[in-house]
>>> print(open('run_23.csv').read())   # CSV, C-alpha atoms
chain,number,residue,atom,x,y,z
A,741,MET,CA,-0.5,-44.4,0.1
A,742,SER,CA,2.7,-45.2,1.9
A,743,PHE,CA,4.0,-43.7,5.1
A,744,PHE,CA,6.9,-42.4,3.1
A,745,HIS,CA,4.7,-40.3,0.8
A,746,LYS,CA,2.8,-39.0,3.8
A,747,ALA,CA,6.0,-38.0,5.5
A,748,LEU,CA,7.2,-36.2,2.3
A,749,ALA,CA,3.8,-34.3,2.1
A,750,SER,CA,4.2,-33.2,5.7
A,751,ILE,CA,7.3,-31.3,4.7
A,752,GLY,CA,5.8,-30.0,1.5
A,753,ILE,CA,7.2,-32.5,-1.0
A,754,GLY,CA,4.6,-34.0,-3.3
A,755,SER,CA,1.8,-32.2,-1.5
A,756,ALA,CA,-1.0,-29.9,-2.8
A,757,THR,CA,-0.2,-26.7,-4.7
A,758,VAL,CA,-2.1,-23.4,-5.1
A,759,ASP,CA,-2.0,-20.9,-7.9
A,760,THR,CA,-3.9,-17.6,-8.0
A,761,ARG,CA,-4.6,-16.1,-11.4
A,762,LEU,CA,-6.0,-12.6,-11.6
A,763,GLU,CA,-7.7,-11.0,-14.6
A,764,LYS,CA,-4.9,-8.5,-14.8
A,765,ASP,CA,-1.9,-7.3,-12.8
A,766,THR,CA,-2.7,-3.6,-12.5
A,767,TYR,CA,-5.6,-2.1,-10.5
A,768,ARG,CA,-6.7,1.2,-9.1
A,769,ALA,CA,-7.2,1.5,-5.4
A,770,GLY,CA,-10.9,0.8,-4.7
A,771,GLU,CA,-11.3,-1.4,-7.8
A,772,VAL,CA,-12.7,-4.9,-7.7
A,773,MET,CA,-10.1,-7.7,-8.4
A,774,GLN,CA,-11.5,-10.8,-10.0
A,775,GLY,CA,-9.8,-14.1,-10.9
A,776,GLU,CA,-9.5,-17.7,-9.7
A,777,ILE,CA,-7.6,-19.9,-7.4
A,778,ILE,CA,-6.4,-23.2,-8.8
A,779,VAL,CA,-5.7,-26.0,-6.2
A,780,ARG,CA,-4.0,-29.2,-7.3
A,781,GLY,CA,-3.7,-32.3,-5.3
A,782,GLY,CA,-0.3,-33.9,-4.7
A,783,GLN,CA,0.6,-37.5,-4.2
A,784,ILE,CA,-1.7,-38.2,-1.3
A,785,GLU,CA,-5.3,-37.2,-0.3
A,786,GLN,CA,-5.3,-34.2,2.0
A,787,GLN,CA,-7.8,-32.3,4.1
A,788,VAL,CA,-7.8,-28.6,3.4
A,789,ASP,CA,-9.2,-26.6,6.3
A,790,THR,CA,-9.6,-23.4,4.3
A,791,ILE,CA,-8.2,-21.3,1.4
A,792,TYR,CA,-7.3,-17.7,2.3
A,793,LEU,CA,-6.5,-14.7,0.2
A,794,SER,CA,-4.8,-11.5,1.6
A,795,VAL,CA,-3.6,-8.1,0.3
A,796,ASN,CA,-0.3,-7.2,1.8
A,797,THR,CA,2.3,-4.4,1.8
A,798,THR,CA,5.3,-3.4,3.8
A,799,TYR,CA,6.1,-0.3,5.9
A,800,ILE,CA,8.9,1.1,7.9
A,801,ARG,CA,8.7,1.2,11.7
A,802,GLU,CA,11.3,3.1,13.6
A,803,SER,CA,12.3,1.9,17.1
A,804,ASN,CA,15.4,3.0,19.2
A,805,ASP,CA,16.9,4.7,16.2
A,806,HIS,CA,16.6,1.6,14.1
A,807,LYS,CA,14.4,1.0,11.1
A,808,HIS,CA,12.4,-2.3,10.8
A,809,THR,CA,10.4,-3.5,7.8
A,810,GLU,CA,7.0,-4.8,8.8
A,811,VAL,CA,4.2,-6.5,6.8
A,812,ALA,CA,0.7,-5.1,6.9
A,813,THR,CA,-2.3,-7.0,5.8
A,814,LEU,CA,-4.9,-4.7,4.2
A,815,GLN,CA,-7.6,-7.3,3.7
A,816,LYS,CA,-8.0,-11.0,4.2
A,817,LEU,CA,-10.7,-13.1,2.7
A,818,LYS,CA,-11.7,-16.7,3.5
A,819,VAL,CA,-12.3,-18.4,0.1
A,820,SER,CA,-13.6,-21.8,1.1
A,821,GLU,CA,-15.0,-24.1,3.7
A,822,PRO,CA,-13.0,-27.3,4.6
A,823,PHE,CA,-12.8,-29.9,1.8
A,824,LEU,CA,-11.0,-33.1,0.9
A,825,LEU,CA,-8.5,-32.9,-1.9
A,826,SER,CA,-7.8,-36.2,-3.6
A,827,ALA,CA,-4.4,-37.1,-5.0
A,828,GLY,CA,-4.0,-35.4,-8.4
A,829,GLU,CA,-7.3,-33.6,-8.2
A,830,GLU,CA,-7.8,-30.1,-9.5
A,831,LYS,CA,-10.3,-27.6,-8.0
A,832,ILE,CA,-11.0,-24.1,-9.1
A,833,PHE,CA,-12.4,-21.3,-6.9
A,834,PRO,CA,-13.6,-18.0,-8.3
A,835,ILE,CA,-12.5,-14.9,-6.3
A,836,SER,CA,-13.7,-11.3,-6.1
A,837,LEU,CA,-12.0,-8.9,-3.8
A,838,THR,CA,-12.3,-5.1,-3.6
A,839,LEU,CA,-8.9,-3.4,-3.3
A,840,PRO,CA,-9.1,-1.0,-0.3
A,841,PHE,CA,-8.8,2.7,-1.0
A,842,GLU,CA,-6.0,2.8,1.5
A,843,THR,CA,-3.9,0.4,-0.6
A,844,PRO,CA,-0.6,2.2,-1.3
A,845,ILE,CA,0.1,3.0,-4.9
A,846,THR,CA,3.1,1.5,-6.7
A,847,ALA,CA,5.7,4.2,-6.5
A,848,GLY,CA,9.2,4.4,-5.1
A,849,LYS,CA,10.0,1.4,-2.8
A,850,THR,CA,6.3,0.5,-2.3
A,851,GLN,CA,5.2,-3.0,-3.2
A,852,VAL,CA,1.8,-4.7,-2.9
A,853,TRP,CA,1.1,-8.4,-3.3
A,854,ILE,CA,-1.7,-11.0,-3.1
A,855,GLN,CA,-0.9,-13.9,-0.8
A,856,THR,CA,-2.9,-17.1,-1.2
A,857,GLY,CA,-2.6,-20.0,1.1
A,858,LEU,CA,-4.0,-23.4,2.0
A,859,ASP,CA,-4.4,-24.5,5.7
A,860,ILE,CA,-3.6,-28.2,5.8
A,861,LYS,CA,-3.2,-30.1,9.0
A,862,ASN,CA,0.1,-31.9,9.7
A,863,ALA,CA,1.7,-30.4,6.6
A,864,VAL,CA,3.6,-27.4,5.3
A,865,ASP,CA,0.9,-24.9,4.1
A,866,PRO,CA,1.3,-24.3,0.3
A,867,SER,CA,1.1,-20.6,-0.7
A,868,ASP,CA,1.3,-18.4,-3.7
A,869,LYS,CA,2.6,-14.8,-3.9
A,870,ASP,CA,1.6,-12.5,-6.7
A,871,TYR,CA,2.8,-8.9,-7.0
A,872,ILE,CA,0.3,-6.3,-8.5
A,873,ARG,CA,0.7,-2.8,-9.6
A,874,VAL,CA,-1.6,-0.3,-7.8
A,875,GLU,CA,-2.5,3.0,-9.4
A,876,PRO,CA,-4.1,5.9,-7.5
A,877,THR,CA,-7.8,6.7,-7.6
A,878,MET,CA,-8.8,9.2,-10.3
A,879,LEU,CA,-9.0,11.9,-7.7
A,880,ALA,CA,-5.6,11.1,-6.2
A,881,ASP,CA,-4.2,11.0,-9.7
A,882,HIS,CA,-5.5,14.5,-10.3
A,883,ILE,CA,-3.9,15.7,-7.0
A,884,LEU,CA,-0.5,14.2,-7.7
A,885,ASP,CA,-0.7,15.6,-11.3
A,886,ALA,CA,-1.5,19.1,-9.9
A,887,ILE,CA,1.5,18.9,-7.6
A,888,ARG,CA,3.7,18.0,-10.5
A,889,GLY,CA,2.2,20.8,-12.5
A,890,LEU,CA,3.3,23.2,-9.9
A,891,GLY,CA,6.9,22.2,-10.6
A,892,PHE,CA,7.5,19.5,-8.0
A,893,ARG,CA,9.3,16.3,-8.7
A,894,LEU,CA,8.6,13.1,-6.7
A,895,ARG,CA,11.8,12.2,-4.9
A,896,GLU,CA,10.5,9.3,-2.8
A,897,ALA,CA,7.4,7.4,-1.9
A,898,GLU,CA,7.4,5.2,1.1
A,899,CYS,CA,5.0,3.6,3.6
A,900,GLN,CA,5.9,4.5,7.2
A,901,GLN,CA,4.4,3.8,10.6
A,902,ALA,CA,1.6,6.3,11.1
A,903,PRO,CA,1.7,8.7,14.1
A,904,SER,CA,-1.0,7.8,16.6
A,905,ARG,CA,-3.1,10.8,15.6
A,906,PHE,CA,-3.3,9.6,12.0
A,907,ARG,CA,-3.7,5.9,12.7
A,908,GLY,CA,-6.9,4.5,11.3
A,909,TYR,CA,-7.6,1.0,10.1
A,910,TYR,CA,-4.0,0.4,9.3
A,911,PRO,CA,-0.7,1.1,11.1
A,912,PHE,CA,0.9,3.0,8.3
A,913,VAL,CA,0.5,5.9,5.8
A,914,GLN,CA,2.1,6.3,2.4
A,915,GLU,CA,4.2,9.5,2.3
A,916,PHE,CA,5.1,11.2,-1.0
A,917,GLU,CA,8.1,13.5,-0.8
A,918,PHE,CA,8.5,16.1,-3.5
A,919,VAL,CA,11.3,18.6,-4.2
A,920,PRO,CA,10.6,21.9,-6.0
A,921,THR,CA,12.0,22.4,-9.5
A,922,GLY,CA,9.8,25.2,-10.6
A,923,PRO,CA,8.6,28.5,-9.2
A,924,PHE,CA,8.8,27.3,-5.6
A,925,ARG,CA,12.5,26.4,-6.0
A,926,GLY,CA,14.5,28.7,-3.6
A,927,HIS,CA,11.5,29.1,-1.3
A,928,LEU,CA,10.9,25.5,-0.2
A,929,ASP,CA,13.1,22.6,0.6
A,930,GLU,CA,10.5,19.9,0.1
A,931,LEU,CA,6.8,19.2,0.1
A,932,GLU,CA,5.4,16.0,1.7
A,933,ILE,CA,1.9,14.7,1.0
A,934,VAL,CA,0.0,12.0,2.9
A,935,PHE,CA,-3.5,10.7,1.9
A,936,LEU,CA,-5.3,10.3,5.3
A,937,SER,CA,-8.5,9.0,3.8
A,938,GLN,CA,-10.0,8.8,0.4
A,939,SER,CA,-12.7,7.5,-1.9
A,940,ASN,CA,-13.6,8.0,-5.5
A,941,HIS,CA,-15.2,11.3,-4.7
A,942,SER,CA,-13.1,12.9,-2.0
A,943,ALA,CA,-9.7,12.8,-0.3
A,944,GLU,CA,-8.3,14.2,2.9
A,945,ILE,CA,-4.7,15.1,2.6
A,946,TYR,CA,-2.0,16.2,5.0
A,947,MET,CA,0.7,18.5,3.7
A,948,GLN,CA,4.1,19.3,5.3
A,949,ILE,CA,5.5,22.4,3.7
A,950,ASP,CA,9.3,22.8,4.5
A,951,ARG,CA,10.4,26.4,3.9
A,952,LYS,CA,14.0,27.2,2.9
A,953,VAL,CA,15.3,29.3,5.8
A,954,ARG,CA,18.2,31.7,5.5
A,955,GLY,CA,20.4,33.7,7.8
A,956,ILE,CA,22.0,33.2,11.2
A,957,GLY,CA,18.8,31.8,12.7
A,958,SER,CA,18.3,29.1,10.0
A,959,PHE,CA,20.1,26.4,11.9
A,960,PHE,CA,18.0,26.9,15.0
A,961,ALA,CA,14.8,27.2,13.0
A,962,GLU,CA,15.5,23.8,11.3
A,963,ALA,CA,16.5,22.2,14.7
A,964,LEU,CA,13.2,23.3,16.2
A,965,ASP,CA,11.1,22.5,13.1
A,966,MET,CA,10.1,26.2,12.9
A,967,ASP,CA,10.7,26.0,9.1
A,968,GLU,CA,7.8,23.5,8.7
A,969,SER,CA,4.1,24.2,8.3
A,970,TYR,CA,1.3,21.6,8.4
A,971,VAL,CA,-1.9,21.8,6.4
A,972,ARG,CA,-4.8,19.4,6.5
A,973,THR,CA,-7.5,19.8,3.8
A,974,THR,CA,-10.2,17.9,2.0
A,975,ILE,CA,-10.4,17.9,-1.8
A,976,THR,CA,-13.3,16.7,-3.8
A,977,MET,CA,-13.9,16.0,-7.5
A,978,HIS,CA,-15.6,19.4,-7.7
A,979,ASP,CA,-12.2,21.0,-7.0
A,980,VAL,CA,-10.5,19.3,-10.0
A,981,PRO,CA,-11.0,22.1,-12.6
A,982,ALA,CA,-9.2,24.6,-10.3
A,983,LEU,CA,-7.2,22.1,-8.3
A,984,GLN,CA,-3.7,23.3,-9.3
A,985,ALA,CA,-4.7,26.9,-8.4
A,986,LYS,CA,-6.1,25.8,-5.0
A,987,LEU,CA,-3.0,23.9,-4.1
A,988,GLN,CA,-0.8,26.8,-5.2
A,989,GLN,CA,-2.7,29.1,-3.0
A,990,ILE,CA,-2.4,26.8,0.0
A,991,ILE,CA,1.4,26.4,-0.5
A,992,SER,CA,2.0,30.1,-1.2
A,993,LYS,CA,0.5,31.0,2.2
A,994,HIS,CA,3.3,29.1,4.0
A,995,ILE,CA,6.5,30.4,2.3
>>> encode(input="run_23.csv", output="structure tokens")
Amino acid sequence: MSFFHKALASIGIGSATVDTRLEKDTYRAGEVMQGEIIVRGGQIEQQVDTIYLSVNTTYIRESNDHKHTEVATLQKLKVSEPFLLSAGEEKIFPISLTLPFETPITAGKTQVWIQTGLDIKNAVDPSDKDYIRVEPTMLADHILDAIRGLGFRLREAECQQAPSRFRGYYPFVQEFEFVPTGPFRGHLDELEIVFLSQSNHSAEIYMQIDRKVRGIGSFFAEALDMDESYVRTTITMHDVPALQAKLQQIISKHI
């Protein structure tokens, strides 16, 4: 192979390519994703140090009154050991990866994608980016449905930098912001929900309940956050039959 072709491959022209194909494009948090990675050789033989696969999302970090969009990697998987890829050769690698329970669901501005890459010395690393739709666990689905059943409408869902007291494996939490349209209208300004931890059987949630304040002291109450109540509670699958009533009781205590 000529020096010219090697030079082109070093800048990504005529080099290896990678393509990830998943069984489907929609998953629940905690579900196993399966598929395959197809690697095709370019115009020259290349040494591939490894294939990696990662699950990524973005979140908002605030600093000095400015908002910055950051990328968070939820999971990264090494798919292969080093191998030699001949010119024009095709290799297929099966993949199986469990989507973390902390993966944010697809709602509002939230996006999740699978990034696949090849590490190749002295060359531009080929990569592939595939967006997936993430649905909540069955329990989280019940919780969000119960909130909607109480007359709340989802206004915004966004991943934000987690306060230090809530920071776990990842630097962000997904916040769901609801506005009341039913019986709580006139009593609350908004209701914010964060899933602190969850599995298929239980979920710890954090609720910020913003009361609608009236009168001459309302401005000062809002300025001092005196109109907000914070509730941390754990919900299990055993709560599902009476979940809406349980959440209604919790919220009603703080209006």
>>> closest_residue(input="run_23.csv", among="A:Leu890, A:Ala897, A:Ala880, A:Ile832", to="A:Gly848", atoms="all atoms listed in the file")
A:Ala897
>>> closest_residue(input="run_23.csv", among="A:Gln851, A:Ser867, A:Ser969, A:Gln988", to="A:Thr757", atoms="all atoms listed in the file")
A:Ser867
>>> closest_residue(input="run_23.csv", among="A:Leu825, A:Leu817, A:Ile872, A:Leu837", to="A:Ala756", atoms="only C-alpha atoms")
A:Leu825
>>> residues_around(input="run_23.csv", residues="A:Lys816", least_positions_apart="3", cutoff="9 Å", atoms="all atoms listed in the file", output="PDB file with C-alpha atoms, keeping the file's coordinate frame")
ATOM      1  CA  TYR A 792      -7.300 -17.700   2.300  1.00  0.00           C
ATOM      2  CA  LEU A 793      -6.500 -14.700   0.200  1.00  0.00           C
ATOM      3  CA  SER A 794      -4.800 -11.500   1.600  1.00  0.00           C
ATOM      4  CA  VAL A 795      -3.600  -8.100   0.300  1.00  0.00           C
ATOM      5  CA  ASN A 796      -0.300  -7.200   1.800  1.00  0.00           C
ATOM      6  CA  THR A 813      -2.300  -7.000   5.800  1.00  0.00           C
TER       7      THR A 813
END
>>> atom_distance(input="run_23.csv", atom1="atom CA of A:Ile945", atom2="atom CA of A:Val874")
18.8 Å
>>> residues_around(input="run_23.csv", residues="A:Gly781", least_positions_apart="3", cutoff="8 Å", atoms="only C-alpha atoms", output="PyMOL selection string")
chain A and resi 755-757+784-786+825-830
>>> residues_near_point(input="run_23.csv", point="(-1.6, -19.2, 1.2)", cutoff="8 Å", atoms="all atoms listed in the file", output="list in words")
Val758, Ile791, Tyr792, Leu793, Gln855, Thr856, Gly857, Leu858, Asp859, Asp865, Pro866, Ser867, Asp868 and Lys869 of chain A
>>> closest_residue(input="run_23.csv", among="A:Ile887, A:Val772, A:Ala812, A:Val980", to="A:Ser836", atoms="only C-alpha atoms")
A:Val772
>>> atom_distance(input="run_23.csv", atom1="atom CA of A:Ile778", atom2="atom CA of A:Gln815")
20.3 Å
>>> atom_distance(input="run_23.csv", atom1="atom CA of A:Ile933", atom2="atom CA of A:Met773")
27.1 Å
>>> closest_atom_pairs(input="run_23.csv", of="stretch 918-948 of chain A", to="stretch 761-771 of chain A", cutoff="10 Å", atoms="only C-alpha atoms", output="Markdown table")
| residue | atom | partner | partner_atom | distance |
| --- | --- | --- | --- | --- |
| A:Gln938 | CA | A:Gly770 | CA | 9.5 |
| A:Ser939 | CA | A:Gly770 | CA | 7.5 |
| A:Asn940 | CA | A:Gly770 | CA | 7.7 |
>>> residues_around(input="run_23.csv", residues="A:Asp929", least_positions_apart="2", cutoff="12 Å", atoms="only C-alpha atoms", output="PyMOL selection string")
chain A and resi 892-893+895+917-922+924-927+931-932+948-954+962+967-969+995
>>> residues_around(input="run_23.csv", residues="A:Thr809", least_positions_apart="3", cutoff="10 Å", atoms="all atoms listed in the file", output="PDB file with C-alpha atoms, in the frame of the given file")
ATOM      1  CA  THR A 798       5.300  -3.400   3.800  1.00  0.00           C
ATOM      2  CA  TYR A 799       6.100  -0.300   5.900  1.00  0.00           C
ATOM      3  CA  ILE A 800       8.900   1.100   7.900  1.00  0.00           C
ATOM      4  CA  ARG A 801       8.700   1.200  11.700  1.00  0.00           C
ATOM      5  CA  GLU A 802      11.300   3.100  13.600  1.00  0.00           C
ATOM      6  CA  ALA A 812       0.700  -5.100   6.900  1.00  0.00           C
ATOM      7  CA  CYS A 899       5.000   3.600   3.600  1.00  0.00           C
ATOM      8  CA  GLN A 900       5.900   4.500   7.200  1.00  0.00           C
ATOM      9  CA  GLN A 901       4.400   3.800  10.600  1.00  0.00           C
TER      10      GLN A 901
END
>>> residues_near_point(input="run_23.csv", point="(-5.8, 0.5, 5.8)", cutoff="10 Å", atoms="all atoms listed in the file", output="ChimeraX atom specification")
/A:812-815,840-844,907-913,936-937
